[in-house]
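Data from entry11.tsv: TSV, C-alpha atoms
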```tsv
chain	number	residue	atom	x	y	z
L	1	MET	CA	-8.94	-16.23	25.87
L	2	MET	CA	-7.06	-13.37	24.28
L	3	GLN	CA	-6.54	-13.62	20.55
L	4	GLY	CA	-2.94	-14.04	19.55
L	5	SER	CA	-1.93	-16.06	22.59
L	6	LYS	CA	0.88	-18.57	22.53
L	7	GLN	CA	-1.68	-21.40	22.54
L	8	ASP	CA	-2.14	-21.40	18.80
L	9	GLY	CA	1.51	-21.05	17.93
L	10	ASN	CA	1.95	-18.60	15.07
L	11	SER	CA	-0.84	-16.16	15.83
L	12	LEU	CA	1.21	-14.23	18.40
L	13	SER	CA	4.00	-13.55	15.93
L	14	SER	CA	1.59	-12.79	13.07
L	15	THR	CA	-0.42	-10.41	15.27
L	16	PHE	CA	2.59	-8.33	16.24
L	17	SER	CA	4.89	-8.73	13.23
L	18	ARG	CA	5.16	-6.00	10.63
L	19	LEU	CA	3.80	-6.73	7.18
L	20	THR	CA	6.32	-6.46	4.36
L	21	PHE	CA	5.91	-4.73	1.04
L	22	GLU	CA	5.62	-8.16	-0.58
L	23	GLN	CA	2.70	-9.00	1.72
L	24	VAL	CA	0.87	-5.70	1.34
L	25	CYS	CA	1.49	-5.11	-2.39
L	26	PRO	CA	2.77	-8.34	-3.96
L	27	ILE	CA	2.16	-7.28	-7.55
L	28	TRP	CA	3.91	-3.92	-7.21
L	29	ALA	CA	6.73	-5.48	-5.18
L	30	SER	CA	7.35	-7.87	-8.06
L	31	LYS	CA	7.19	-5.08	-10.65
L	32	LEU	CA	9.71	-2.99	-8.75
L	33	LYS	CA	12.11	-5.93	-8.50
L	34	ILE	CA	12.13	-6.60	-12.25
L	35	GLY	CA	11.83	-2.97	-13.36
L	36	LEU	CA	8.94	-0.80	-14.39
L	37	GLU	CA	7.36	-0.62	-17.82
L	38	GLY	CA	6.09	2.65	-19.24
L	39	GLN	CA	2.51	1.61	-18.42
L	40	ASP	CA	3.50	1.07	-14.77
L	41	VAL	CA	4.84	4.62	-14.55
L	42	HIS	CA	1.62	5.90	-16.15
L	43	THR	CA	-0.43	3.97	-13.57
L	44	LEU	CA	1.60	5.39	-10.68
L	45	THR	CA	1.14	8.92	-11.96
L	46	HIS	CA	-2.50	8.79	-13.07
L	47	ASP	CA	-4.49	5.98	-11.46
L	48	SER	CA	-4.85	5.94	-7.69
L	49	LYS	CA	-7.02	2.81	-7.76
L	50	TYR	CA	-4.28	0.68	-9.36
L	51	CYS	CA	-1.15	2.32	-7.95
L	52	ILE	CA	0.88	0.94	-5.04
L	53	VAL	CA	-1.47	2.39	-2.43
L	54	GLY	CA	-4.45	1.18	-4.45
L	55	GLU	CA	-3.17	-2.39	-4.39
L	56	ALA	CA	-2.82	-2.23	-0.61
L	57	TRP	CA	-6.47	-1.18	-0.41
L	58	GLY	CA	-7.52	-4.06	-2.66
L	59	TYR	CA	-7.95	-1.97	-5.83
L	60	SER	CA	-11.23	-0.67	-4.42
L	61	GLY	CA	-10.66	3.07	-4.53
L	62	ARG	CA	-11.83	3.15	-0.91
L	63	HIS	CA	-8.72	4.99	0.31
L	64	ALA	CA	-9.78	7.89	-1.93
L	65	GLY	CA	-13.36	7.84	-0.68
L	66	TYR	CA	-14.43	6.09	-3.88
L	67	TYR	CA	-13.39	9.35	-5.60
L	68	ILE	CA	-15.81	11.48	-3.58
L	69	ALA	CA	-13.47	13.74	-1.61
L	70	PRO	CA	-15.81	14.44	1.34
L	71	LEU	CA	-15.96	10.68	2.04
L	72	ILE	CA	-12.20	10.28	2.49
L	73	PRO	CA	-12.16	11.01	6.25
L	74	PHE	CA	-15.02	8.58	6.85
L	75	ILE	CA	-14.17	5.56	4.72
L	76	GLY	CA	-10.71	6.23	3.36
L	77	CYS	CA	-7.43	7.70	4.50
L	78	ILE	CA	-6.10	11.11	3.50
L	79	LYS	CA	-2.60	10.08	4.51
L	80	CYS	CA	-2.74	7.14	2.07
L	81	VAL	CA	-3.99	9.51	-0.64
L	82	LYS	CA	-0.98	11.74	0.04
L	83	PHE	CA	1.40	8.76	-0.13
L	84	GLY	CA	-0.10	7.79	-3.49
L	85	ARG	CA	0.23	11.32	-4.83
L	86	GLU	CA	3.85	11.57	-3.70
L	87	MET	CA	4.72	8.22	-5.30
L	88	GLY	CA	3.05	9.45	-8.48
L	89	ARG	CA	5.08	12.66	-8.37
L	90	ILE	CA	8.29	10.64	-7.98
L	91	ALA	CA	7.32	8.38	-10.89
L	92	LYS	CA	6.52	11.39	-13.08
L	93	LEU	CA	9.81	13.05	-12.22
L	94	HIS	CA	12.07	10.00	-12.69
L	95	GLY	CA	10.13	7.85	-15.16
L	96	ARG	CA	11.03	4.17	-15.43
L	97	SER	CA	14.14	4.74	-13.32
L	98	CYS	CA	12.08	5.85	-10.29
L	99	VAL	CA	12.41	2.54	-8.44
L	100	TYR	CA	15.18	3.58	-6.05
L	101	GLU	CA	13.59	6.95	-5.39
L	102	LEU	CA	10.30	5.20	-4.50
L	103	TYR	CA	11.70	2.93	-1.79
L	104	PRO	CA	12.02	5.58	0.98
L	105	MET	CA	8.40	6.62	0.35
L	106	ILE	CA	7.29	2.96	0.28
L	107	LYS	CA	9.05	2.44	3.61
L	108	ARG	CA	7.14	5.35	5.16
L	109	PHE	CA	3.89	4.11	3.61
L	110	LEU	CA	4.46	0.63	5.10
L	111	GLU	CA	5.06	2.15	8.53
L	112	HIS	CA	1.73	3.95	8.24
L	113	TRP	CA	0.02	0.85	6.84
L	114	ASN	CA	1.23	-1.34	9.68
L	115	GLU	CA	0.11	1.22	12.26
L	116	ARG	CA	-3.31	2.04	10.79
L	117	HIS	CA	-4.48	-0.46	8.16
L	118	LYS	CA	-2.69	-3.77	8.74
L	119	ASN	CA	-6.03	-5.49	9.38
L	120	ILE	CA	-7.10	-4.82	5.78
L	121	THR	CA	-4.27	-7.00	4.51
L	122	ILE	CA	-4.75	-9.64	7.20
L	123	ASN	CA	-8.51	-9.86	6.54
L	124	SER	CA	-8.05	-10.07	2.77
L	125	THR	CA	-5.74	-13.07	3.03
L	126	HIS	CA	-8.22	-15.18	5.00
```

Entire entry expressed as structure tokens:
Amino acid sequence: MMQGSKQDGNSLSSTFSRLTFEQVCPIWASKLKIGLEGQDVHTLTHDSKYCIVGEAWGYSGRHAGYYIAPLIPFIGCIKCVKFGREMGRIAKLHGRSCVYELYPMIKRFLEHWNERHKNITINSTH
């Protein structure tokens, strides 16, 4: 039987539904709602393992090839690295008031995440 069939009720909708920012990055989603601290801005600009993209990847550093650039195409994702860098650039430019400027980039990141890496989030919640 095909996984995600109507037989088990919610699996069809969960298989095809898009993950939200709150599901992919619950800690950063919460921080952005209440406002960023100076340390949060520093993390976005300097620490790819603990930034928004890093949370999506489970704080593993895997998206950045565990910091060994030649490994990125094999175990990570260069597009995620670029999203992280761009979010860091926005945070550096706008400081603690970068929240609204980040949302368009987060939206594009979530589109990519749902297309390419959704299973990472789904597998980490089980």

Report task. Fewer than 6 positions away in the same chain doesn't count, so skip those; otherwise give me all residues within 8 Å of L:Phe21, counting all atoms listed in the file, as a VMD selection string. Result -> chain L and resid 29 106 110

Query - Best match for closeness to L:Pro104 among L:Phe83, L:Trp57, L:Tyr67, L:Phe74, counting all atoms listed in the file - result: L:Phe83

Requested in this report: Calculate how many Å separate atom CA of L:Arg85 from atom CA of L:Thr45, rounding to one decimal.
Outcome: 7.6 Å

Non-local contacts of stretch 60-65 of chain L (6 Å; only C-alpha atoms; under 4 positions in same chain excluded) as a PDB file with C-alpha atoms, in the coordinates of the input:
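Wrote it out as result_25.pdb, contents follow:
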```
ATOM      1  CA  LYS L  49      -7.020   2.810  -7.760  1.00  0.00           C
ATOM      2  CA  ALA L  69     -13.470  13.740  -1.610  1.00  0.00           C
ATOM      3  CA  LEU L  71     -15.960  10.680   2.040  1.00  0.00           C
ATOM      4  CA  ILE L  72     -12.200  10.280   2.490  1.00  0.00           C
ATOM      5  CA  ILE L  75     -14.170   5.560   4.720  1.00  0.00           C
ATOM      6  CA  GLY L  76     -10.710   6.230   3.360  1.00  0.00           C
ATOM      7  CA  CYS L  77      -7.430   7.700   4.500  1.00  0.00           C
TER       8      CYS L  77
END
```

Report task. Using all atoms listed in the file, find the one residue out of L:Asn123, L:Asn114, L:Gln23, L:Thr43 that sits nearest to L:Lys92. Result ->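 Checking each candidate against L:Lys92, we get L:Thr43 as the closest.
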
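Distances from L:Ala56, L:Cys98, L:Leu44, L:Leu36 to L:Thr125 were compared using all atoms listed in the file, and the smallest one belongs to L:Ala56.
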
Query raised in the report: Neighbours of L:Val41 within 12 Å (only C-alpha atoms; same-chain residues fewer than 2 positions away dropped), as a PyMOL selection string?
Result: chain L and resi 28+31-32+35-39+43-48+50-52+87-99+102
